[in-house]
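The file start.cif comes next; it holds mmCIF, C-alpha atoms.
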data_input
#
loop_
_atom_site.label_atom_id
_atom_site.label_comp_id
_atom_site.auth_asym_id
_atom_site.auth_seq_id
_atom_site.Cartn_x
_atom_site.Cartn_y
_atom_site.Cartn_z
CA MET A 16 111.43 64.79 97.51
CA ALA A 17 108.61 65.25 100.00
CA ASP A 18 109.02 63.08 103.07
CA PRO A 19 106.59 64.36 105.68
CA ILE A 20 107.10 63.23 109.26
CA ILE A 21 103.89 64.89 110.41
CA THR A 22 100.76 65.07 108.29
CA ALA A 23 97.75 66.75 109.85
CA THR A 24 94.51 66.74 107.87
CA GLY A 25 91.28 68.62 108.53
CA LEU A 26 91.93 69.28 112.22
CA THR A 27 89.07 70.76 114.20
CA LYS A 28 88.82 71.22 117.94
CA SER A 29 86.33 73.07 120.11
CA PHE A 30 86.35 73.88 123.78
CA GLY A 31 82.72 74.45 124.69
CA PRO A 32 81.36 77.08 122.29
CA THR A 33 84.87 78.17 121.24
CA GLN A 34 86.20 76.74 117.99
CA ALA A 35 89.95 76.63 118.56
CA LEU A 36 90.78 74.84 115.29
CA ARG A 37 88.55 75.17 112.25
CA GLY A 38 90.03 72.77 109.70
CA ILE A 39 93.81 72.83 109.54
CA ASP A 40 95.94 70.90 107.06
CA LEU A 41 99.66 70.92 107.77
CA SER A 42 102.60 68.85 106.68
CA VAL A 43 106.06 68.96 108.29
CA GLU A 44 109.00 67.50 106.40
CA ARG A 45 111.48 65.16 108.04
CA GLY A 46 114.42 67.19 109.35
CA GLU A 47 112.59 70.49 108.86
CA VAL A 48 112.54 73.26 111.46
CA LEU A 49 109.07 74.79 111.36
CA ALA A 50 108.03 77.87 113.32
CA VAL A 51 104.38 78.04 114.39
CA MET A 52 103.40 81.65 115.02
CA GLY A 53 100.19 83.43 115.86
CA PRO A 54 98.69 85.83 118.37
CA SER A 55 97.44 84.68 121.77
CA GLY A 56 94.16 82.84 121.45
CA SER A 57 94.72 82.04 117.76
CA GLY A 58 94.66 78.27 118.27
CA LYS A 59 98.45 77.91 118.04
CA SER A 60 98.82 75.92 121.27
CA THR A 61 95.82 73.73 120.50
CA LEU A 62 97.28 72.92 117.10
CA VAL A 63 100.64 71.98 118.58
CA HIS A 64 99.00 69.89 121.32
CA CYS A 65 97.14 67.96 118.61
CA LEU A 66 100.31 67.49 116.55
CA ALA A 67 102.17 66.17 119.59
CA GLY A 68 99.35 63.84 120.66
CA VAL A 69 98.78 65.68 123.92
CA ILE A 70 95.11 66.08 123.02
CA SER A 71 92.98 64.53 120.32
CA PRO A 72 91.20 66.70 117.73
CA ASP A 73 87.40 66.50 117.39
CA SER A 74 87.86 65.56 113.75
CA GLY A 75 90.73 65.11 111.33
CA SER A 76 93.88 63.07 111.69
CA VAL A 77 97.51 63.46 112.73
CA VAL A 78 100.01 60.95 111.37
CA LEU A 79 103.38 61.25 113.12
CA ASP A 80 106.25 59.17 111.78
CA GLY A 81 103.81 56.64 110.32
CA THR A 82 101.53 56.40 113.36
CA ASP A 83 97.99 57.81 113.29
CA LEU A 84 97.87 59.49 116.70
CA THR A 85 94.13 60.07 116.43
CA ALA A 86 93.52 56.30 116.31
CA LEU A 87 95.31 55.71 119.64
CA SER A 88 94.07 55.64 123.22
CA PRO A 89 95.43 58.27 125.64
CA ASP A 90 97.81 55.64 127.10
CA GLN A 91 99.09 54.66 123.68
CA ARG A 92 99.61 58.34 122.83
CA ALA A 93 101.55 58.81 126.06
CA LYS A 94 103.85 55.98 125.02
CA VAL A 95 104.42 57.56 121.59
CA ARG A 96 105.23 60.88 123.29
CA LEU A 97 107.75 59.23 125.59
CA GLN A 98 109.48 57.34 122.81
CA ARG A 99 109.29 59.59 119.78
CA ILE A 100 108.66 63.14 120.87
CA GLY A 101 110.78 65.60 122.83
CA PHE A 102 109.45 68.71 124.56
CA VAL A 103 111.15 71.91 125.63
CA PHE A 104 109.18 74.61 127.43
CA GLN A 105 109.90 78.16 128.46
CA PHE A 106 110.83 77.19 132.02
CA GLY A 107 109.95 75.00 134.97
CA GLN A 108 110.72 71.66 133.42
CA LEU A 109 113.88 70.57 135.25
CA LEU A 110 114.10 69.02 138.69
CA PRO A 111 116.06 71.61 140.63
CA ASP A 112 117.64 69.24 143.16
CA LEU A 113 119.09 66.82 140.63
CA THR A 114 122.33 67.44 138.77
CA ALA A 115 122.25 68.32 135.07
CA THR A 116 123.36 64.77 134.27
CA ASP A 117 120.59 63.23 136.38
CA ASN A 118 118.00 65.50 134.78
CA VAL A 119 119.09 64.53 131.28
CA ALA A 120 119.40 60.83 132.15
CA LEU A 121 115.87 60.67 133.57
CA PRO A 122 113.93 59.86 130.36
CA LEU A 123 116.39 57.07 129.56
CA LEU A 124 115.98 55.58 133.04
CA MET A 125 112.20 55.76 132.62
CA ALA A 126 112.59 53.89 129.34
CA GLY A 127 114.44 51.11 131.17
CA ARG A 128 118.08 51.89 130.34
CA SER A 129 120.80 51.14 132.89
CA ARG A 130 122.04 54.01 135.06
CA ARG A 131 125.50 53.72 133.56
CA ALA A 132 124.35 53.83 129.94
CA ALA A 133 121.93 56.66 130.73
CA ASN A 134 124.63 58.76 132.41
CA THR A 135 127.08 58.21 129.56
CA GLN A 136 124.54 59.44 127.01
CA ALA A 137 123.41 62.30 129.21
CA ILE A 138 126.97 63.57 129.54
CA ALA A 139 127.54 63.25 125.79
CA TRP A 140 124.44 65.40 125.08
CA LEU A 141 125.42 67.98 127.67
CA ASP A 142 128.81 68.13 126.03
CA ARG A 143 127.27 68.72 122.59
CA LEU A 144 125.33 71.62 124.04
CA GLY A 145 128.47 73.16 125.49
CA LEU A 146 127.81 72.11 129.11
CA GLY A 147 130.57 69.53 129.50
CA ASP A 148 131.93 71.39 132.52
CA HIS A 149 128.55 71.75 134.20
CA ALA A 150 127.35 68.15 134.25
CA ASP A 151 127.48 67.89 138.07
CA LYS A 152 125.78 71.21 138.77
CA SER A 153 122.12 71.50 139.64
CA PRO A 154 119.90 73.66 137.39
CA GLY A 155 119.26 75.94 140.36
CA SER A 156 122.90 77.04 140.33
CA MET A 157 122.96 77.68 136.57
CA SER A 158 122.09 80.70 134.45
CA GLY A 159 118.76 80.66 132.60
CA GLY A 160 120.52 79.94 129.32
CA GLN A 161 122.47 77.03 130.75
CA ALA A 162 119.33 75.55 132.31
CA GLN A 163 117.57 75.74 128.93
CA ARG A 164 120.47 73.88 127.34
CA VAL A 165 120.02 71.15 129.96
CA ALA A 166 116.31 71.02 129.09
CA ILE A 167 117.19 70.71 125.39
CA ALA A 168 119.69 67.92 126.13
CA ARG A 169 117.01 66.11 128.13
CA ALA A 170 114.50 66.47 125.31
CA LEU A 171 116.97 65.12 122.74
CA VAL A 172 118.61 62.32 124.72
CA THR A 173 115.96 59.79 123.70
CA ARG A 174 116.62 60.74 120.05
CA PRO A 175 113.01 61.76 119.37
CA ALA A 176 111.69 61.95 115.83
CA VAL A 177 110.23 65.37 116.55
CA LEU A 178 111.15 68.04 119.07
CA PHE A 179 108.39 70.45 120.10
CA ALA A 180 109.91 73.61 121.54
CA ASP A 181 107.38 76.02 123.05
CA GLU A 182 108.93 79.50 123.44
CA PRO A 183 112.22 77.78 124.41
CA THR A 184 114.02 81.08 124.92
CA GLY A 185 111.04 83.15 126.01
CA SER A 186 112.50 83.85 129.43
CA LEU A 187 116.03 84.65 128.26
CA ASP A 188 117.73 87.93 127.29
CA SER A 189 118.70 88.51 123.64
CA VAL A 190 122.29 87.34 123.92
CA SER A 191 121.46 84.14 125.85
CA SER A 192 118.52 83.48 123.59
CA GLU A 193 120.71 83.68 120.50
CA SER A 194 123.30 81.40 122.00
CA VAL A 195 120.75 78.78 123.14
CA LEU A 196 118.90 78.80 119.81
CA GLY A 197 122.19 78.56 117.90
CA ALA A 198 123.27 75.56 120.02
CA MET A 199 119.88 73.87 119.73
CA LEU A 200 119.67 74.30 115.98
CA GLU A 201 123.21 73.03 115.50
CA VAL A 202 122.55 69.77 117.33
CA VAL A 203 119.12 69.13 115.84
CA ARG A 204 120.36 69.72 112.32
CA GLU A 205 123.30 67.40 112.97
CA ALA A 206 120.95 64.73 114.35
CA GLY A 207 118.36 65.31 111.59
CA THR A 208 115.66 65.91 114.21
CA THR A 209 112.48 67.62 113.06
CA VAL A 210 111.62 70.67 115.16
CA VAL A 211 108.29 72.41 115.66
CA LEU A 212 109.15 75.74 117.22
CA ILE A 213 106.24 77.58 118.79
CA THR A 214 106.97 81.27 119.17
CA HIS A 215 105.51 84.73 118.83
CA ASP A 216 109.01 86.17 118.52
CA ALA A 217 110.15 86.94 114.96
CA ARG A 218 113.85 86.72 115.81
CA THR A 219 113.30 83.19 117.11
CA ALA A 220 111.16 82.23 114.12
CA ALA A 221 113.97 83.42 111.83
CA TYR A 222 115.98 80.36 112.88
CA ALA A 223 113.35 78.09 111.30
CA ASP A 224 113.24 76.92 107.67
CA ARG A 225 109.74 78.33 107.28
CA GLU A 226 106.86 79.57 109.37
CA VAL A 227 103.11 79.09 109.48
CA ILE A 228 100.82 81.62 111.11
CA VAL A 229 97.70 80.47 112.95
CA ARG A 230 94.83 82.94 113.01
CA ASP A 231 91.30 82.28 114.28
CA GLY A 232 91.84 78.53 114.18
CA LEU A 233 93.05 78.49 110.57
CA LEU A 234 96.45 78.65 108.93
CA SER A 235 97.09 81.87 107.11
CA GLY A 236 99.72 82.34 104.47
CA ALA A 237 98.21 79.95 101.98
CA TYR A 238 97.77 82.73 99.47
CA ALA A 239 98.29 82.53 95.76
CA PRO A 240 101.48 84.22 94.56
CA VAL A 241 101.18 87.70 93.12
CA PRO A 242 100.55 87.50 89.37
CA ALA A 243 103.59 88.58 87.35
CA MET B 215 103.49 105.65 99.61
CA ASP B 216 102.51 105.48 95.97
CA ARG B 217 99.85 108.18 95.77
CA SER B 218 98.58 107.14 92.31
CA LEU B 219 97.80 103.66 93.56
CA ALA B 220 96.21 105.03 96.71
CA LEU B 221 93.92 107.18 94.52
CA LEU B 222 93.16 104.21 92.28
CA GLY B 223 92.24 102.26 95.41
CA LEU B 224 89.86 104.96 96.66
CA MET B 225 88.24 105.15 93.22
CA SER B 226 87.68 101.39 93.25
CA ALA B 227 85.04 101.86 95.94
CA GLY B 228 82.80 103.49 93.30
CA PRO B 229 82.72 106.15 90.53
CA THR B 230 83.82 109.53 91.75
CA HIS B 231 84.65 113.14 90.88
CA GLY B 232 88.07 114.72 91.31
CA TYR B 233 86.72 116.88 94.13
CA ASP B 234 85.29 113.91 96.08
CA LEU B 235 88.49 112.05 95.52
CA LYS B 236 90.56 114.81 97.08
CA SER B 237 88.24 114.99 100.10
CA ARG B 238 88.44 111.25 100.70
CA TYR B 239 92.20 111.16 100.19
CA ASP B 240 92.78 113.99 102.64
CA ALA B 241 90.44 112.44 105.22
CA ILE B 242 92.18 109.08 105.14
CA PHE B 243 95.79 109.68 104.07
CA GLY B 244 96.22 113.41 104.50
CA ALA B 245 97.35 113.49 108.13
CA ALA B 246 100.96 114.18 107.14
CA ARG B 247 100.36 115.92 103.82
CA THR B 248 97.18 116.65 101.88
CA ILE B 249 97.08 116.23 98.12
CA ALA B 250 96.84 119.19 95.72
CA TYR B 251 94.10 119.38 93.06
CA GLY B 252 96.85 119.66 90.47
CA GLN B 253 98.21 116.29 91.44
CA ILE B 254 94.74 114.72 91.48
CA TYR B 255 94.00 115.82 87.91
CA ALA B 256 97.47 114.99 86.62
CA THR B 257 97.12 111.53 88.10
CA LEU B 258 93.64 111.07 86.67
CA SER B 259 94.91 111.99 83.16
CA ARG B 260 97.78 109.55 83.49
CA MET B 261 95.49 106.77 84.66
CA ILE B 262 93.12 107.38 81.72
CA ARG B 263 96.09 107.24 79.36
CA ASP B 264 97.19 103.96 80.95
CA GLY B 265 93.70 102.47 80.74
CA LEU B 266 93.32 102.12 84.51
CA ILE B 267 90.25 104.39 84.73
CA GLU B 268 87.74 105.83 82.29
CA GLN B 269 85.49 108.86 82.22
CA ILE B 270 81.89 107.67 82.52
CA GLY B 271 80.00 110.92 82.34
CA GLN B 272 80.00 114.64 82.82
CA GLU B 273 77.53 116.70 84.75
CA PRO B 274 76.25 119.89 83.13
CA GLY B 275 78.65 122.81 83.33
CA SER B 276 82.33 123.03 82.71
CA GLY B 277 85.53 122.33 84.58
CA PRO B 278 87.32 119.16 85.61
CA ASP B 279 85.21 118.74 88.78
CA ARG B 280 82.20 117.80 86.68
CA LYS B 281 83.69 114.63 85.24
CA ARG B 282 82.98 111.25 86.76
CA TYR B 283 85.54 108.49 86.62
CA ALA B 284 85.35 104.72 87.15
CA VAL B 285 88.05 102.11 87.47
CA THR B 286 88.43 99.73 84.53
CA ASP B 287 89.11 95.98 84.74
CA ALA B 288 92.76 96.72 84.02
CA GLY B 289 92.76 99.20 86.91
CA ARG B 290 91.23 96.64 89.28
CA THR B 291 93.82 94.06 88.25
CA ARG B 292 96.64 96.55 88.81
CA LEU B 293 95.28 97.45 92.24
CA ALA B 294 94.78 93.82 93.34
CA SER B 295 98.31 93.01 92.24
CA TRP B 296 99.77 95.96 94.18
CA LEU B 297 97.76 95.20 97.32
CA ARG B 298 99.09 91.65 97.44
CA GLU B 299 102.68 92.48 96.55
CA PRO B 300 104.83 92.50 99.71
CA ASP B 301 107.09 95.51 100.12
CA THR B 302 110.82 95.19 100.63
CA PRO B 303 111.68 96.05 104.23
CA SER B 304 112.81 99.69 104.13
CA PRO B 305 112.09 103.02 105.82
CA THR B 306 109.28 103.73 103.33
CA LEU B 307 107.54 100.49 104.11
CA GLN B 308 105.25 101.73 106.81
CA SER B 309 103.49 104.36 104.71
CA ASN B 310 103.02 101.95 101.80
CA LEU B 311 101.72 99.18 103.99
CA PHE B 312 99.55 101.66 105.85
CA ALA B 313 97.97 102.70 102.54
CA LYS B 314 97.41 99.12 101.45
CA THR B 315 95.85 98.18 104.76
CA ILE B 316 93.49 101.15 104.73
CA LEU B 317 92.49 100.52 101.14
CA ALA B 318 91.81 96.87 101.91
CA LEU B 319 89.45 98.06 104.66
CA VAL B 320 87.80 100.63 102.35
CA LEU B 321 87.29 97.98 99.68
CA ASP B 322 86.20 95.24 102.11
CA ASP B 323 89.22 93.21 101.06
CA ASP B 324 91.02 90.86 103.47
CA ALA B 325 93.35 93.24 105.32
CA ASP B 326 94.62 90.43 107.54
CA ALA B 327 95.76 88.58 104.45
CA LEU B 328 97.79 91.58 103.25
CA LEU B 329 99.45 91.89 106.63
CA ASP B 330 100.28 88.18 106.64
CA ILE B 331 101.83 88.41 103.18
CA GLN B 332 104.05 91.18 104.52
CA ARG B 333 104.84 89.16 107.66
CA HIS B 334 106.05 86.25 105.55
CA ALA B 335 108.18 88.58 103.41
CA HIS B 336 109.73 90.11 106.51
CA LEU B 337 110.37 86.76 108.12
CA ALA B 338 112.00 85.50 104.93
CA ARG B 339 114.38 88.47 105.04
CA MET B 340 115.04 87.90 108.75
CA ARG B 341 115.82 84.27 107.97
CA GLU B 342 118.39 85.30 105.35
CA LEU B 343 120.01 87.70 107.79
CA THR B 344 120.01 85.16 110.63
CA THR B 345 121.70 82.62 108.38
CA ALA B 346 124.26 85.20 107.26
CA LYS B 347 124.95 86.08 110.89
CA ALA B 348 126.00 82.58 111.89
CA GLY B 349 129.77 82.52 111.69
CA ALA B 350 130.12 86.17 110.59
CA PRO B 351 132.75 88.39 112.26
CA LEU B 352 131.49 90.32 115.29
CA LEU B 353 131.26 93.70 113.55
CA ASP B 354 129.27 92.23 110.69
CA ARG B 355 126.99 90.58 113.21
CA LEU B 356 126.33 93.93 114.85
CA ALA B 357 125.33 95.42 111.51
CA ILE B 358 123.05 92.46 110.81
CA ASP B 359 121.52 92.80 114.29
CA TYR B 360 120.70 96.41 113.50
CA ALA B 361 118.88 95.34 110.33
CA LEU B 362 117.08 92.58 112.23
CA PHE B 363 115.81 95.01 114.87
CA GLN B 364 114.53 97.37 112.18
CA ILE B 365 112.57 94.59 110.54
CA GLU B 366 111.33 93.43 113.91
CA ALA B 367 109.99 96.93 114.59
CA ASP B 368 107.98 96.72 111.34
CA LEU B 369 106.63 93.36 112.41
CA ARG B 370 105.52 94.73 115.75
CA TRP B 371 103.67 97.50 113.94
CA ILE B 372 102.06 94.86 111.72
CA ASP B 373 101.01 92.84 114.79
CA LEU B 374 99.48 95.86 116.45
CA THR B 375 97.70 96.93 113.27
CA SER B 376 96.40 93.42 112.80
CA ALA B 377 94.98 93.44 116.33
CA ARG B 378 93.24 96.77 115.65
CA LEU B 379 91.65 96.01 112.28
CA THR B 380 88.09 95.86 113.60
CA ASP B 381 88.34 99.34 115.10
CA MET B 382 90.16 100.65 112.04
CA ARG B 383 87.39 99.35 109.78
CA LYS B 384 84.84 101.41 111.74
CA GLU B 385 87.07 104.47 111.59
CA VAL B 386 87.60 104.18 107.84
CA ARG B 387 83.85 103.79 107.24
CA ARG B 388 83.27 106.93 109.22
CA HIS B 389 85.36 108.76 106.57
CA GLY B 390 83.64 106.87 103.75
#
If you took the structure in this file and wrote it as structure tokens, what would it be?
Amino acid sequence: MADPIITATGLTKSFGPTQALRGIDLSVERGEVLAVMGPSGSGKSTLVHCLAGVISPDSGSVVLDGTDLTALSPDQRAKVRLQRIGFVFQFGQLLPDLTATDNVALPLLMAGRSRRAANTQAIAWLDRLGLGDHADKSPGSMSGGQAQRVAIARALVTRPAVLFADEPTGSLDSVSSESVLGAMLEVVREAGTTVVLITHDARTAAYADREVIVRDGLLSGAYAPVPA
Amino acid sequence: MDRSLALLGLMSAGPTHGYDLKSRYDAIFGAARTIAYGQIYATLSRMIRDGLIEQIGQEPGSGPDRKRYAVTDAGRTRLASWLREPDTPSPTLQSNLFAKTILALVLDDDADALLDIQRHAHLARMRELTTAKAGAPLLDRLAIDYALFQIEADLRWIDLTSARLTDMRKEVRRHG
């Protein structure tokens, strides 16, 4: 039965004379892993920023886990992002001087949890991602793949409703990429977390349940089936 | 590539003679191999028999070159169905998809849409293979990786073609 966690309706967004989104309707099911694909400049990033409440569309609405993001102030949206959304980027998101545990514990500390409780949860998430033996290392001393696992643990430690992963393995080689994606998908499926995976890489998109392709500010792929 | 369907596609642009048809086919698809008159006329006869085209007139004189042919509604339906039917990933894919893309440009159809249909079909196959790979023995995984890379190569060709459609449209019109 359909149980959408994100429902976007009629999204438009322009930057000056450029129409980045030209009327997008998209629904993401709870627990689904959706790949968002599209060439550079297609509107893919703008769409995802609207879905995650980073920016507000010019028109249309985004309802995320029952909350209409487009009806909120920027501060209220920031709060929703902190509490209900996780982000993983290609690189540059970890604090290099902190240990893996401290990096992962950070969002919990910001949310007011005790240091002890935050560390316990951080270590448990690192363990799930196969980094149990690396909890005291700093990201600077880790491989790219290990650092991305730390970033994934940090994004998931607050148990977000939706994880937005923007080219999460874009800077990794094929073998590391496969291993990181495999680990990420295993934990999100176990936790029932919805994932929006932004990628231009087909091998990465193949880990998703389905894909949508953004082209010229519209979703393509909404074509009628071939007549029998 | 299915040459009959490619010919049907070229004829859909407007009524034509066998001679014109050969010239257009060779200009657009003949880089690797041109088509023989014999095959043109055999294909035309078969398409008339199947109701995909009809003879709409004959200029004075004799010989097969004098006959004009037009695509019937059944022919247009057959062509539209073929254009929108994704191909199974295989070594013959490229030539078939190439033909469909070119014909979509000739006919002012949505070539991007055809390429997207193929993208989704390829990604669906990659998804099946990726799922099968999880937990498979190492040697099986290597074989699956090989298949994945082949499909990925197709997708890269599709991406590049998609990015070049505007230029291709001009090129195709030049042959029109």
Given the PyMOL selection byres ((chain B) within 7 of (chain A)) and the file above, list the residues it selects as a PyMOL selection string.
chain B and resi 295+298-299+330-331+337+340-341+344+366
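Nearest residue to B:Ser304 among B:Asp368, B:Asp373, B:Asp234, B:Asp354 is B:Asp368, counting only C-alpha atoms.
Separating atom CA of A:Leu124 from atom CA of A:Pro89 is a distance of 22.0 Å.
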Could you tell me, as a PyMOL selection string, exactly which residues end up selected when the PyMOL selection byres ((chain A and resi 39-48) around 9) is applied to this structure?
chain A and resi 17-27+36-38+49-50+62+75+80+176-177+200+203-204+206-212+222-226+232-234
Might you spell out which residues the PyMOL selection byres ((chain A and resi 182-184) around 6) would select in the displayed file, as a ChimeraX atom specification?
/A:104-105,180-181,185-187,192,213-214
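Each of A:Glu193, A:Thr173, A:Ser129, A:Glu205 was checked against B:Arg355 using only C-alpha atoms; the smallest atom-to-atom distance is that of A:Glu193.
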What lies within 12 Å of B:Ser259 using only C-alpha atoms, ignoring chain neighbours under 3 positions off, as a PyMOL selection string?
chain B and resi 218+232+252-256+262-269+278+281+283
For the selection just defined, write its residues with C-alpha atoms to a file, as an mmCIF file, in the frame of the given file.
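Output below, filename again.cif:
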data_model
loop_
_atom_site.group_PDB
_atom_site.id
_atom_site.type_symbol
_atom_site.label_atom_id
_atom_site.label_comp_id
_atom_site.auth_asym_id
_atom_site.auth_seq_id
_atom_site.Cartn_x
_atom_site.Cartn_y
_atom_site.Cartn_z
ATOM 1 C CA SER B 218 98.580 107.140 92.310
ATOM 2 C CA GLY B 232 88.070 114.720 91.310
ATOM 3 C CA GLY B 252 96.850 119.660 90.470
ATOM 4 C CA GLN B 253 98.210 116.290 91.440
ATOM 5 C CA ILE B 254 94.740 114.720 91.480
ATOM 6 C CA TYR B 255 94.000 115.820 87.910
ATOM 7 C CA ALA B 256 97.470 114.990 86.620
ATOM 8 C CA ILE B 262 93.120 107.380 81.720
ATOM 9 C CA ARG B 263 96.090 107.240 79.360
ATOM 10 C CA ASP B 264 97.190 103.960 80.950
ATOM 11 C CA GLY B 265 93.700 102.470 80.740
ATOM 12 C CA LEU B 266 93.320 102.120 84.510
ATOM 13 C CA ILE B 267 90.250 104.390 84.730
ATOM 14 C CA GLU B 268 87.740 105.830 82.290
ATOM 15 C CA GLN B 269 85.490 108.860 82.220
ATOM 16 C CA PRO B 278 87.320 119.160 85.610
ATOM 17 C CA LYS B 281 83.690 114.630 85.240
ATOM 18 C CA TYR B 283 85.540 108.490 86.620
#
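Atom pair atom CA of B:Phe312 / atom CA of B:Ile249 has a distance of 16.7 Å (rounded to one decimal).
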